[in-house]
>>> print(open('model.txt').read())   # compact mmCIF, C-alpha atoms and all ligand atoms
# COMPACT_ATOMS: atom_id res chain seq x y z
CA MET A 21 0.00 0.00 0.00
CA PHE A 22 1.34 3.46 -0.87
CA ILE A 23 0.17 6.92 -1.73
CA GLU A 24 0.69 7.61 -5.40
CA ARG A 25 -0.73 11.13 -5.57
CA VAL A 26 -1.19 13.98 -3.12
CA SER A 27 -3.30 17.08 -3.84
CA LEU A 28 -3.60 19.81 -1.24
CA ARG A 29 -5.62 23.01 -1.48
CA ALA A 30 -5.34 25.89 0.99
CA ILE A 31 -3.77 23.82 3.77
CA ARG A 32 -1.96 26.37 5.97
CA ASN A 33 0.60 28.15 3.76
CA LEU A 34 0.24 25.57 0.96
CA ARG A 35 -2.10 27.13 -1.57
CA SER A 36 -1.98 24.35 -4.12
CA ILE A 37 0.26 21.30 -4.12
CA ASP A 38 0.13 18.31 -6.41
CA PHE A 39 2.79 15.68 -6.46
CA ALA A 40 3.51 12.02 -7.00
CA PRO A 41 5.56 10.57 -4.14
CA GLY A 42 7.68 7.47 -4.53
CA PRO A 43 6.53 4.18 -2.99
CA ARG A 44 9.39 4.12 -0.44
CA PHE A 45 11.42 7.01 1.03
CA ASN A 46 10.31 10.53 0.35
CA VAL A 47 12.56 13.19 1.80
CA ILE A 48 11.01 16.66 1.99
CA SER A 49 13.47 19.38 2.83
CA GLY A 50 13.23 23.11 3.33
CA GLU A 51 14.15 25.93 5.67
CA ASN A 52 12.11 26.71 8.77
CA GLY A 53 8.58 27.95 8.20
CA GLN A 54 8.34 26.92 4.52
CA GLY A 55 5.53 24.37 4.87
CA LYS A 56 7.12 20.97 5.57
CA THR A 57 5.02 20.07 8.57
CA SER A 58 1.94 21.48 6.85
CA LEU A 59 2.55 19.09 3.97
CA LEU A 60 2.59 16.09 6.31
CA GLU A 61 -0.42 17.51 8.12
CA GLY A 62 -2.29 17.66 4.82
CA ILE A 63 -1.47 14.03 4.01
CA TYR A 64 -2.49 12.94 7.51
CA LEU A 65 -5.74 14.87 7.19
CA ALA A 66 -6.91 12.96 4.12
CA ALA A 67 -5.95 9.62 5.67
CA THR A 68 -7.37 10.09 9.17
CA SER A 69 -9.75 13.08 9.07
CA ARG A 70 -7.61 14.66 11.79
CA SER A 71 -4.55 16.80 12.35
CA PHE A 72 -1.63 15.75 14.54
CA ARG A 73 -1.07 19.37 15.56
CA THR A 74 -4.49 20.58 16.61
CA SER A 75 -8.04 19.46 17.30
CA ARG A 76 -9.35 22.70 15.78
CA LEU A 77 -9.23 21.87 12.10
CA GLN A 78 -10.17 25.38 11.00
CA GLU A 79 -6.65 26.42 11.97
CA LEU A 80 -5.46 24.48 8.94
CA ILE A 81 -7.30 26.64 6.42
CA LEU A 82 -5.10 29.13 4.59
CA HIS A 83 -5.92 32.55 6.05
CA GLY A 84 -8.74 34.19 4.13
CA GLU A 85 -9.91 31.02 2.34
CA ALA A 86 -13.34 29.44 2.80
CA ILE A 87 -12.36 25.80 2.29
CA ALA A 88 -9.26 23.64 2.59
CA SER A 89 -8.97 20.17 1.17
CA SER A 90 -6.63 17.24 0.85
CA LYS A 91 -6.91 14.34 -1.54
CA LEU A 92 -4.86 11.15 -1.78
CA VAL A 93 -4.78 8.46 -4.43
CA VAL A 94 -3.76 5.27 -2.65
CA SER A 95 -2.46 2.25 -4.46
CA GLN A 96 -3.26 -1.11 -2.90
CA ASP A 97 -3.34 -4.71 -4.13
CA GLY A 98 -2.98 -3.69 -7.75
CA GLY A 99 -5.94 -1.29 -7.58
CA SER A 100 -6.29 2.19 -6.21
CA HIS A 101 -8.76 4.33 -4.30
CA GLU A 102 -9.14 8.02 -3.76
CA GLN A 103 -9.88 9.57 -0.41
CA SER A 104 -10.34 13.20 0.43
CA LEU A 105 -11.25 15.48 3.26
CA GLY A 106 -12.50 19.05 3.05
CA ILE A 107 -12.82 21.52 5.92
CA GLN A 108 -15.10 24.54 5.87
CA ALA A 109 -14.04 27.79 7.54
CA ALA A 110 -17.64 28.60 8.41
CA GLY A 111 -18.74 26.10 11.06
CA GLY A 112 -15.70 23.88 10.61
CA ALA A 113 -17.60 20.95 9.10
CA ARG A 114 -15.57 18.07 7.66
CA GLN A 115 -16.51 16.45 4.40
CA ALA A 116 -14.99 13.02 3.88
CA ARG A 117 -15.15 11.12 0.58
CA VAL A 118 -13.91 7.74 -0.56
CA ASP A 119 -13.99 7.40 -4.34
CA GLY A 120 -16.39 10.31 -4.39
CA LYS A 121 -18.83 8.73 -1.94
CA ARG A 122 -19.61 9.63 1.65
CA PRO A 123 -18.21 6.93 3.98
CA PRO A 124 -20.58 5.35 6.56
CA SER A 125 -18.63 7.02 9.38
CA LEU A 126 -15.40 8.92 10.00
CA ALA A 127 -13.99 5.76 11.58
CA ALA A 128 -14.75 3.84 8.37
CA PHE A 129 -12.91 6.59 6.53
CA ALA A 130 -9.91 6.69 8.89
CA VAL A 131 -9.37 2.95 8.72
CA LYS A 132 -8.80 2.91 4.93
CA THR A 133 -5.17 4.03 4.83
CA PRO A 134 -3.26 3.15 8.01
CA MET A 135 -0.81 5.91 8.82
CA VAL A 136 1.53 6.52 11.72
CA VAL A 137 3.00 9.94 12.42
CA PHE A 138 6.07 10.75 14.43
CA HIS A 139 6.65 14.41 15.20
CA PRO A 140 8.57 16.42 17.82
CA GLY A 141 5.49 17.28 19.88
CA GLU A 142 4.95 13.59 20.44
CA VAL A 143 7.42 13.48 23.28
CA ALA A 144 4.25 14.39 25.23
CA LEU A 145 3.33 10.70 24.90
CA SER A 146 5.92 10.09 27.58
CA THR A 147 6.10 13.43 29.38
CA GLY A 148 2.56 14.78 29.05
CA PRO A 149 -0.92 14.14 30.42
CA SER A 150 -2.94 10.98 29.77
CA GLY A 151 -4.90 12.29 26.75
CA GLU A 152 -2.02 11.62 24.34
CA ARG A 153 -1.73 8.05 25.54
CA ARG A 154 -5.48 7.43 25.30
CA ARG A 155 -5.33 8.66 21.71
CA LEU A 156 -2.53 6.17 21.04
CA LEU A 157 -4.68 3.37 22.47
CA ASP A 158 -7.62 4.49 20.37
CA ARG A 159 -5.59 4.64 17.16
CA VAL A 160 -4.70 1.02 17.81
CA VAL A 161 -8.31 0.13 18.61
CA LEU A 162 -9.38 1.72 15.32
CA HIS A 163 -7.25 -0.78 13.42
CA THR A 164 -7.57 -3.83 15.67
CA ALA A 165 -11.22 -3.63 16.78
CA PHE A 166 -12.86 -1.25 14.37
CA THR A 167 -16.43 -1.88 15.56
CA LYS A 168 -15.48 -0.77 19.08
CA MET A 169 -15.14 2.81 17.86
CA ALA A 170 -18.93 3.01 17.90
CA GLU A 171 -18.90 2.00 21.58
CA GLN A 172 -16.77 4.97 22.35
CA ILE A 173 -19.09 7.39 20.62
CA ALA A 174 -22.05 5.83 22.43
CA TYR A 175 -20.23 6.01 25.75
CA THR A 176 -19.35 9.67 25.35
CA ARG A 177 -22.92 10.53 24.42
CA ALA A 178 -24.36 8.72 27.45
CA MET A 179 -21.79 10.34 29.73
CA ARG A 180 -22.69 13.83 28.50
CA GLU A 181 -26.42 13.20 28.82
CA ARG A 182 -26.03 11.91 32.35
CA GLN A 183 -23.89 14.90 33.33
CA GLU A 184 -26.37 17.29 31.78
CA ALA A 185 -29.23 15.64 33.65
CA LEU A 186 -27.26 15.82 36.91
CA GLU A 187 -26.37 19.46 36.53
CA THR A 188 -29.76 20.68 35.37
CA ARG A 189 -32.12 18.40 37.28
CA GLY A 190 -30.11 17.08 40.18
CA GLU A 191 -29.29 13.72 41.69
CA ARG A 192 -32.87 12.43 41.61
CA ALA A 193 -33.47 12.98 37.90
CA THR A 194 -35.43 10.00 36.68
CA ASP A 195 -33.35 9.35 33.56
CA LEU A 196 -30.03 9.07 35.41
CA GLU A 197 -30.30 5.33 35.81
CA GLU A 198 -30.93 4.86 32.13
CA TRP A 199 -27.82 6.89 31.16
CA GLU A 200 -25.72 5.11 33.74
CA THR A 201 -26.77 1.73 32.38
CA LEU A 202 -25.60 2.85 28.94
CA MET A 203 -22.37 4.26 30.37
CA VAL A 204 -21.67 0.91 32.02
CA SER A 205 -22.27 -1.26 28.99
CA HIS A 206 -20.46 0.97 26.49
CA GLY A 207 -17.77 1.96 28.99
CA LEU A 208 -16.87 -1.66 29.71
CA ALA A 209 -16.65 -2.35 25.96
CA VAL A 210 -14.29 0.60 25.54
CA CYS A 211 -12.12 -0.65 28.41
CA GLU A 212 -11.98 -4.14 26.96
CA ALA A 213 -10.82 -2.87 23.57
CA ARG A 214 -8.24 -0.59 25.13
CA ARG A 215 -6.91 -3.31 27.42
CA ASP A 216 -6.41 -5.51 24.40
CA ALA A 217 -4.74 -2.64 22.49
CA SER A 218 -2.48 -2.01 25.46
CA GLU A 219 -1.43 -5.64 25.64
CA ARG A 220 -0.55 -5.68 21.97
CA LEU A 221 1.43 -2.45 22.32
CA SER A 222 3.26 -3.19 25.53
CA HIS A 223 4.86 -6.37 24.30
CA VAL A 224 6.45 -4.71 21.25
CA ALA A 225 7.27 -1.42 23.00
CA GLU A 226 9.09 -3.13 25.86
CA HIS A 227 11.21 -5.09 23.40
CA ALA A 228 11.95 -2.05 21.26
CA PHE A 229 12.99 -0.05 24.31
CA HIS A 230 15.41 -2.76 25.27
CA ARG A 231 17.12 -2.30 21.90
CA ILE A 232 16.95 1.49 21.65
CA ALA A 233 17.86 2.50 25.19
CA SER A 234 20.38 0.80 27.39
CA PRO A 235 19.75 -2.96 27.64
CA SER A 236 19.97 -2.73 31.42
CA LEU A 237 16.88 -0.52 31.61
CA VAL A 238 13.43 -2.05 31.64
CA LEU A 239 10.35 -0.31 30.29
CA ARG A 240 6.95 -1.46 31.45
CA VAL A 241 3.76 -0.41 29.69
CA ARG A 242 0.38 -1.20 31.18
CA TYR A 243 -3.22 -0.14 30.93
CA LEU A 244 -4.72 1.74 33.86
CA THR A 245 -8.44 2.35 34.31
CA ASN A 246 -10.56 3.33 37.29
CA VAL A 247 -13.51 1.37 35.90
CA PRO A 248 -14.53 -1.64 38.02
CA GLU A 249 -14.49 -4.97 36.22
CA THR A 250 -18.09 -5.99 36.80
CA GLU A 251 -21.25 -4.27 35.63
CA ASP A 252 -22.74 -4.22 39.10
CA ALA A 253 -19.75 -2.66 40.77
CA TYR A 254 -19.47 -0.06 38.00
CA ARG A 255 -23.15 0.88 38.24
CA HIS A 256 -23.01 1.19 42.01
CA LEU A 257 -19.94 3.36 41.84
CA LEU A 258 -21.59 5.65 39.31
CA ALA A 259 -24.73 5.97 41.42
CA ALA A 260 -22.62 6.70 44.48
CA SER A 261 -20.64 9.42 42.73
CA ARG A 262 -23.59 11.47 41.50
CA GLY A 263 -23.15 14.13 44.19
CA ARG A 264 -19.45 14.54 43.57
CA ASP A 265 -19.84 14.53 39.76
CA ARG A 266 -22.53 17.17 40.03
CA ALA A 267 -20.47 19.40 42.32
CA ARG A 268 -17.29 19.07 40.26
CA LYS A 269 -19.12 19.29 36.93
CA SER A 270 -17.16 16.30 35.65
CA VAL A 271 -17.42 12.53 35.70
CA ALA A 272 -14.86 10.94 38.01
CA ILE A 273 -15.20 7.29 36.99
CA GLY A 274 -14.92 6.01 33.45
CA PRO A 275 -12.70 5.22 30.48
CA HIS A 276 -12.36 8.92 29.69
CA ARG A 277 -9.85 8.88 32.59
CA ASP A 278 -7.87 5.88 31.30
CA ASP A 279 -4.12 5.98 30.99
CA LEU A 280 -1.26 3.91 29.74
CA VAL A 281 1.23 3.74 32.58
CA LEU A 282 4.89 3.93 31.57
CA GLU A 283 7.51 2.80 34.03
CA VAL A 284 11.29 2.73 33.73
CA ASP A 285 12.85 0.29 36.16
CA GLY A 286 9.72 0.36 38.27
CA HIS A 287 9.34 4.14 38.50
CA ALA A 288 6.90 6.42 36.67
CA ALA A 289 8.61 7.61 33.49
CA ARG A 290 7.13 11.07 33.85
CA GLN A 291 8.98 11.49 37.12
CA VAL A 292 12.30 9.77 36.53
CA ALA A 293 13.13 9.48 32.81
CA SER A 294 15.85 11.65 31.29
CA GLN A 295 15.25 13.54 28.03
CA GLY A 296 16.97 10.83 26.03
CA GLN A 297 14.97 8.14 27.81
CA HIS A 298 11.72 9.97 27.09
CA ARG A 299 12.65 10.01 23.40
CA ALA A 300 13.51 6.32 23.51
CA ILE A 301 10.15 5.59 25.14
CA VAL A 302 8.31 7.53 22.45
CA LEU A 303 10.26 5.82 19.68
CA SER A 304 9.46 2.45 21.27
CA LEU A 305 5.76 3.26 21.49
CA LYS A 306 5.77 4.39 17.86
CA ALA A 307 7.57 1.24 16.75
CA ALA A 308 4.89 -0.70 18.61
CA GLU A 309 2.08 1.29 17.00
CA ILE A 310 3.49 0.53 13.55
CA ASP A 311 4.01 -3.14 14.33
CA VAL A 312 0.61 -3.72 15.89
CA ILE A 313 -1.23 -1.99 13.05
CA HIS A 314 0.80 -3.93 10.51
CA ALA A 315 0.02 -7.22 12.23
CA ALA A 316 -3.68 -6.43 12.55
CA ARG A 317 -4.21 -5.06 9.06
CA GLY A 318 -1.72 -7.01 6.99
CA VAL A 319 -0.46 -3.78 5.38
CA ARG A 320 2.41 -1.58 6.42
CA PRO A 321 1.18 1.79 7.62
CA VAL A 322 2.47 4.85 5.79
CA LEU A 323 4.99 6.60 8.04
CA LEU A 324 5.19 10.36 8.46
CA LEU A 325 8.30 11.59 10.25
CA ASP A 326 8.43 15.27 10.94
CA ASP A 327 11.56 17.27 11.59
CA VAL A 328 13.94 14.37 11.78
CA SER A 329 17.16 16.33 12.07
CA SER A 330 16.13 18.74 14.80
CA GLU A 331 18.01 18.39 18.07
CA LEU A 332 18.81 14.77 17.44
CA ASP A 333 21.79 13.38 19.17
CA ARG A 334 23.95 11.02 17.22
CA ALA A 335 22.80 7.89 19.01
CA ARG A 336 19.16 8.64 18.46
CA THR A 337 19.71 9.45 14.79
CA GLN A 338 21.31 6.06 14.42
CA ALA A 339 18.51 4.34 16.30
CA LEU A 340 15.99 6.10 14.10
CA VAL A 341 17.85 5.34 10.90
CA SER A 342 18.30 1.66 11.71
CA PHE A 343 14.64 1.53 12.64
CA LEU A 344 13.73 3.17 9.34
CA GLY A 345 16.00 0.83 7.46
CA GLU A 346 13.80 -2.00 8.71
CA GLN A 347 10.63 -0.33 7.47
CA ARG A 348 9.35 -1.78 4.25
CA GLY A 349 6.48 0.62 3.70
CA GLN A 350 6.19 4.16 2.37
CA VAL A 351 7.89 6.88 4.38
CA PHE A 352 7.57 10.68 4.23
CA LEU A 353 10.29 12.42 6.14
CA THR A 354 10.83 16.16 6.57
CA THR A 355 14.09 17.78 7.48
CA THR A 356 15.94 21.09 7.32
CA ARG A 357 19.10 19.10 6.68
CA PRO A 358 18.70 16.56 3.88
CA GLU A 359 22.48 16.01 3.85
CA LEU A 360 22.25 14.54 7.32
CA ILE A 361 19.81 11.91 6.12
CA GLU A 362 22.12 11.25 3.17
CA SER A 363 25.19 10.81 5.31
CA GLU A 364 23.44 8.22 7.41
CA GLY A 365 22.95 6.18 4.24
CA LEU A 366 19.21 6.00 4.49
CA GLY A 367 17.16 4.76 1.59
CA GLY A 368 19.67 5.48 -1.15
CA GLY A 369 19.33 4.95 -4.88
CA SER A 370 16.02 4.71 -6.64
CA ASP A 371 14.22 4.04 -3.36
CA ARG A 372 14.60 7.67 -2.43
CA HIS A 373 12.72 10.66 -3.81
CA ASP A 374 13.69 14.19 -2.81
CA PHE A 375 11.41 17.20 -2.71
CA ARG A 376 11.90 20.74 -1.55
CA VAL A 377 9.38 23.15 -0.04
CA GLU A 378 9.91 26.87 -0.37
CA ARG A 379 7.30 29.39 0.73
CA GLY A 380 4.52 26.88 0.30
CA VAL A 381 5.62 25.64 -3.12
CA LEU A 382 6.88 22.11 -3.67
CA SER A 383 9.46 21.14 -6.26
CA VAL A 384 11.37 17.99 -7.09
CA ALA A 385 14.82 18.43 -5.59
CA GLN A 386 17.82 17.94 -7.85
CA GLY A 387 20.12 15.32 -6.38
N1 LIG A 401 -3.82 28.85 8.46
C1 LIG A 401 -2.66 29.32 7.96
N2 LIG A 401 -2.67 30.12 6.86
C2 LIG A 401 -1.52 30.59 6.33
N3 LIG A 401 -0.32 30.31 6.82
C3 LIG A 401 -0.24 29.52 7.91
C4 LIG A 401 -1.40 28.98 8.52
N4 LIG A 401 -1.03 28.23 9.58
C5 LIG A 401 0.31 28.30 9.61
N5 LIG A 401 0.79 29.06 8.62
C6 LIG A 401 2.20 29.36 8.27
O1 LIG A 401 2.67 28.33 7.42
C7 LIG A 401 4.08 28.34 7.43
C8 LIG A 401 4.61 26.93 7.34
O2 LIG A 401 4.47 26.27 8.59
P1 LIG A 401 5.08 24.82 8.84
O3 LIG A 401 4.84 24.49 10.25
O4 LIG A 401 4.56 23.89 7.80
O5 LIG A 401 6.63 25.08 8.56
P2 LIG A 401 7.85 24.06 8.53
O6 LIG A 401 8.42 24.05 7.17
O7 LIG A 401 7.44 22.76 9.11
O8 LIG A 401 8.88 24.81 9.50
P3 LIG A 401 9.86 24.25 10.66
O9 LIG A 401 11.09 23.74 9.97
O10 LIG A 401 10.18 25.49 11.44
O11 LIG A 401 9.12 23.24 11.43
C9 LIG A 401 4.49 29.11 8.68
O12 LIG A 401 5.03 30.35 8.28
C10 LIG A 401 3.19 29.32 9.41
O13 LIG A 401 3.18 30.53 10.14
MG MG A 402 7.90 21.83 10.91
>>> encode(input="model.txt", output="structure tokens")
Amino acid sequence: MFIERVSLRAIRNLRSIDFAPGPRFNVISGENGQGKTSLLEGIYLAATSRSFRTSRLQELILHGEAIASSKLVVSQDGGSHEQSLGIQAAGGARQARVDGKRPPSLAAFAVKTPMVVFHPGEVALSTGPSGERRRLLDRVVLHTAFTKMAEQIAYTRAMRERQEALETRGERATDLEEWETLMVSHGLAVCEARRDASERLSHVAEHAFHRIASPSLVLRVRYLTNVPETEDAYRHLLAASRGRDRARKSVAIGPHRDDLVLEVDGHAARQVASQGQHRAIVLSLKAAEIDVIHAARGVRPVLLLDDVSSELDRARTQALVSFLGEQRGQVFLTTTRPELIESEGLGGGSDRHDFRVERGVLSVAQG
């Protein structure tokens, strides 16, 4: 599976970009602020319906434009399909299309072209709050237990309704029990899918860490939820926390509080890991994400690597390059220093395609 054509319109500073990437390594170089990350963001948008930089998609629209869009032609199993996503400035609505038709859901759209992104902000996976790690779990769930995505939507809806009822009508509102029953059944399904995703991830990530960081360090990755295992216990806990949830205007118990606990030698990574160890953890989690999606889907996800040369120490560059050397799928990599990628001997010869971005315009780079 690989992307054979990319067409972007009014994505950040990229007014109009059309190009045909190669099936393996695509190196996109350019000075700071020229549009490299925006290019990857545009590709990611058409594959996943999301951005890896923001949850407010209107930010992606070129200032002053009414619509932004991204379209990919994806080659797979001898055939090809086209998928596109448009964003409207007014209201921010997303319009997804697969071969010109509206997909049954955004999850059905996002599952078509597996893609894994690796960008500098992602160190938050290891250093930041739990939201990043839940999103990682959910990206894995999307590809390993697609139907469970509907459980999550149903859970969130029930949770909001119950909170609304609590806050507007109080702890004796008659519909609370009904919402809580839905929260329990959908919430447990979400937990089950995430626990499974976590198990798949942890195995690969722990191994990868062993290779990337020092072999004497041990990474442990495990799923953490405050949701009780049985329906009865969960329902009782919800009923008992009505007062608190009402007062705090938020729901204390549920999968929306889940986390993926990361420990280095038995201590919380957030508290003890060094900068280099945080990077190694993130790289390990990413390697796991790629591996798990590949195993589940039978296709290699397209890899987007943003800003590869920035503040990389030598050891990590080597770890990254050897990791990339093992990748058999399509890779898009941005850098301000293409010569650095060259000197590491990555993807030489006809496997490699070079492009350059300057002030929002893409050209084929002359070797
Ligand atoms: N909605 C928008 N409309 C127009 N321009 C935008 C919009 N959002 C961001 N920009 C601009 O687009 C330019 C390209 O940003 P981008 O993040 O893609 O640069 P980059 O090449 O990745 O740079 P760096 O090497 O510093 O990461 C920046 O000048 C940014 O200010
Ligand atoms: Mg950038």
>>> closest_atom_pairs(input="model.txt", of="chain A", to="ligand MG 402 (chain A)", cutoff="6 Å", atoms="all atoms listed in the file", output="CSV")
residue,atom,partner,partner_atom,distance
A:Lys56,CA,A:MG402,MG,5.5
A:Thr57,CA,A:MG402,MG,4.1
A:Asp327,CA,A:MG402,MG,5.9
>>> residues_around(input="model.txt", residues="Gly112 (chain A)", least_positions_apart="2", cutoff="10 Å", atoms="only C-alpha atoms", output="ChimeraX atom specification")
/A:76-79,81,86-87,106-110,114-115
>>> atom_distance(input="model.txt", atom1="CA of Arg242 (chain A)", atom2="CA of Gly207 (chain A)")
18.6 Å
>>> residues_around(input="model.txt", residues="Thr74 (chain A)", least_positions_apart="6", cutoff="12 Å", atoms="all atoms listed in the file", output="list in words")
Ser58, Glu61, Leu65, Leu80 and Gly141 of chain A
>>> write_last_selection(input="model.txt", atoms="C-alpha atoms", output="short mmCIF file (atom, residue, chain, number, x, y, z; two decimals), in the frame of the given file")
data_model
loop_
_atom_site.label_atom_id
_atom_site.label_comp_id
_atom_site.auth_asym_id
_atom_site.auth_seq_id
_atom_site.Cartn_x
_atom_site.Cartn_y
_atom_site.Cartn_z
CA SER A 58 1.94 21.48 6.85
CA GLU A 61 -0.42 17.51 8.12
CA LEU A 65 -5.74 14.87 7.19
CA LEU A 80 -5.46 24.48 8.94
CA GLY A 141 5.49 17.28 19.88
#
>>> closest_residue(input="model.txt", among="A:Leu34, A:Ala127, A:Leu162, A:Val381", to="ligand LIG 401 (chain A)", atoms="all atoms listed in the file")
A:Leu34
>>> residues_near_ligand(input="model.txt", ligand="ligand LIG 401 (chain A)", cutoff="10 Å", atoms="only C-alpha atoms and all ligand atoms", output="PyMOL selection string")
chain A and resi 30-35+48-62+73+77-85+88+139-140+326-330+354-357+376-380
>>> closest_residue(input="model.txt", among="A:Lys269, A:His163, A:Arg29, A:Arg44", to="Val351 (chain A)", atoms="all atoms listed in the file")
A:Arg44
>>> residues_around(input="model.txt", residues="Glu249 (chain A)", least_positions_apart="6", cutoff="10 Å", atoms="only C-alpha atoms", output="NGL selection string")
:A and (208 or 211-212)
>>> closest_residue(input="model.txt", among="A:Pro149, A:Pro235, A:Pro248, A:Pro41", to="Phe22 (chain A)", atoms="only C-alpha atoms")
A:Pro41
>>> atom_distance(input="model.txt", atom1="CA of Glu309 (chain A)", atom2="CA of Gly286 (chain A)")
22.6 Å
>>> atom_distance(input="model.txt", atom1="CA of Ala225 (chain A)", atom2="CA of Ala130 (chain A)")
23.7 Å
>>> closest_residue(input="model.txt", among="A:Val210, A:Ala217, A:Ala293, A:Leu258", to="Leu237 (chain A)", atoms="all atoms listed in the file")
A:Ala293
>>> residues_around(input="model.txt", residues="Lys132 (chain A)", least_positions_apart="2", cutoff="12 Å", atoms="only C-alpha atoms", output="ChimeraX atom specification")
/A:21-23,66-69,92-96,100-104,116-119,123,125-130,134-135,162-163,166,317,319,321-322
>>> residues_around(input="model.txt", residues="Ala213 (chain A)", least_positions_apart="3", cutoff="9 Å", atoms="only C-alpha atoms", output="list in words")
Leu157, Asp158, Val161, Thr164, Ala165, Lys168, Leu208, Ala209, Val210, Asp216, Ala217 and Ser218 of chain A
>>> residues_near_point(input="model.txt", point="(3.4, -1.6, 26.9)", cutoff="9 Å", atoms="all atoms listed in the file", output="number ranges by chain")
A: 218-226, 239-243, 280-282, 305, 308
>>> closest_residue(input="model.txt", among="A:His373, A:Phe352, A:Arg182, A:Leu303", to="Thr194 (chain A)", atoms="all atoms listed in the file")
A:Arg182
>>> closest_residue(input="model.txt", among="A:His314, A:Pro358, A:Leu196, A:Ala174", to="Gln386 (chain A)", atoms="only C-alpha atoms")
A:Pro358
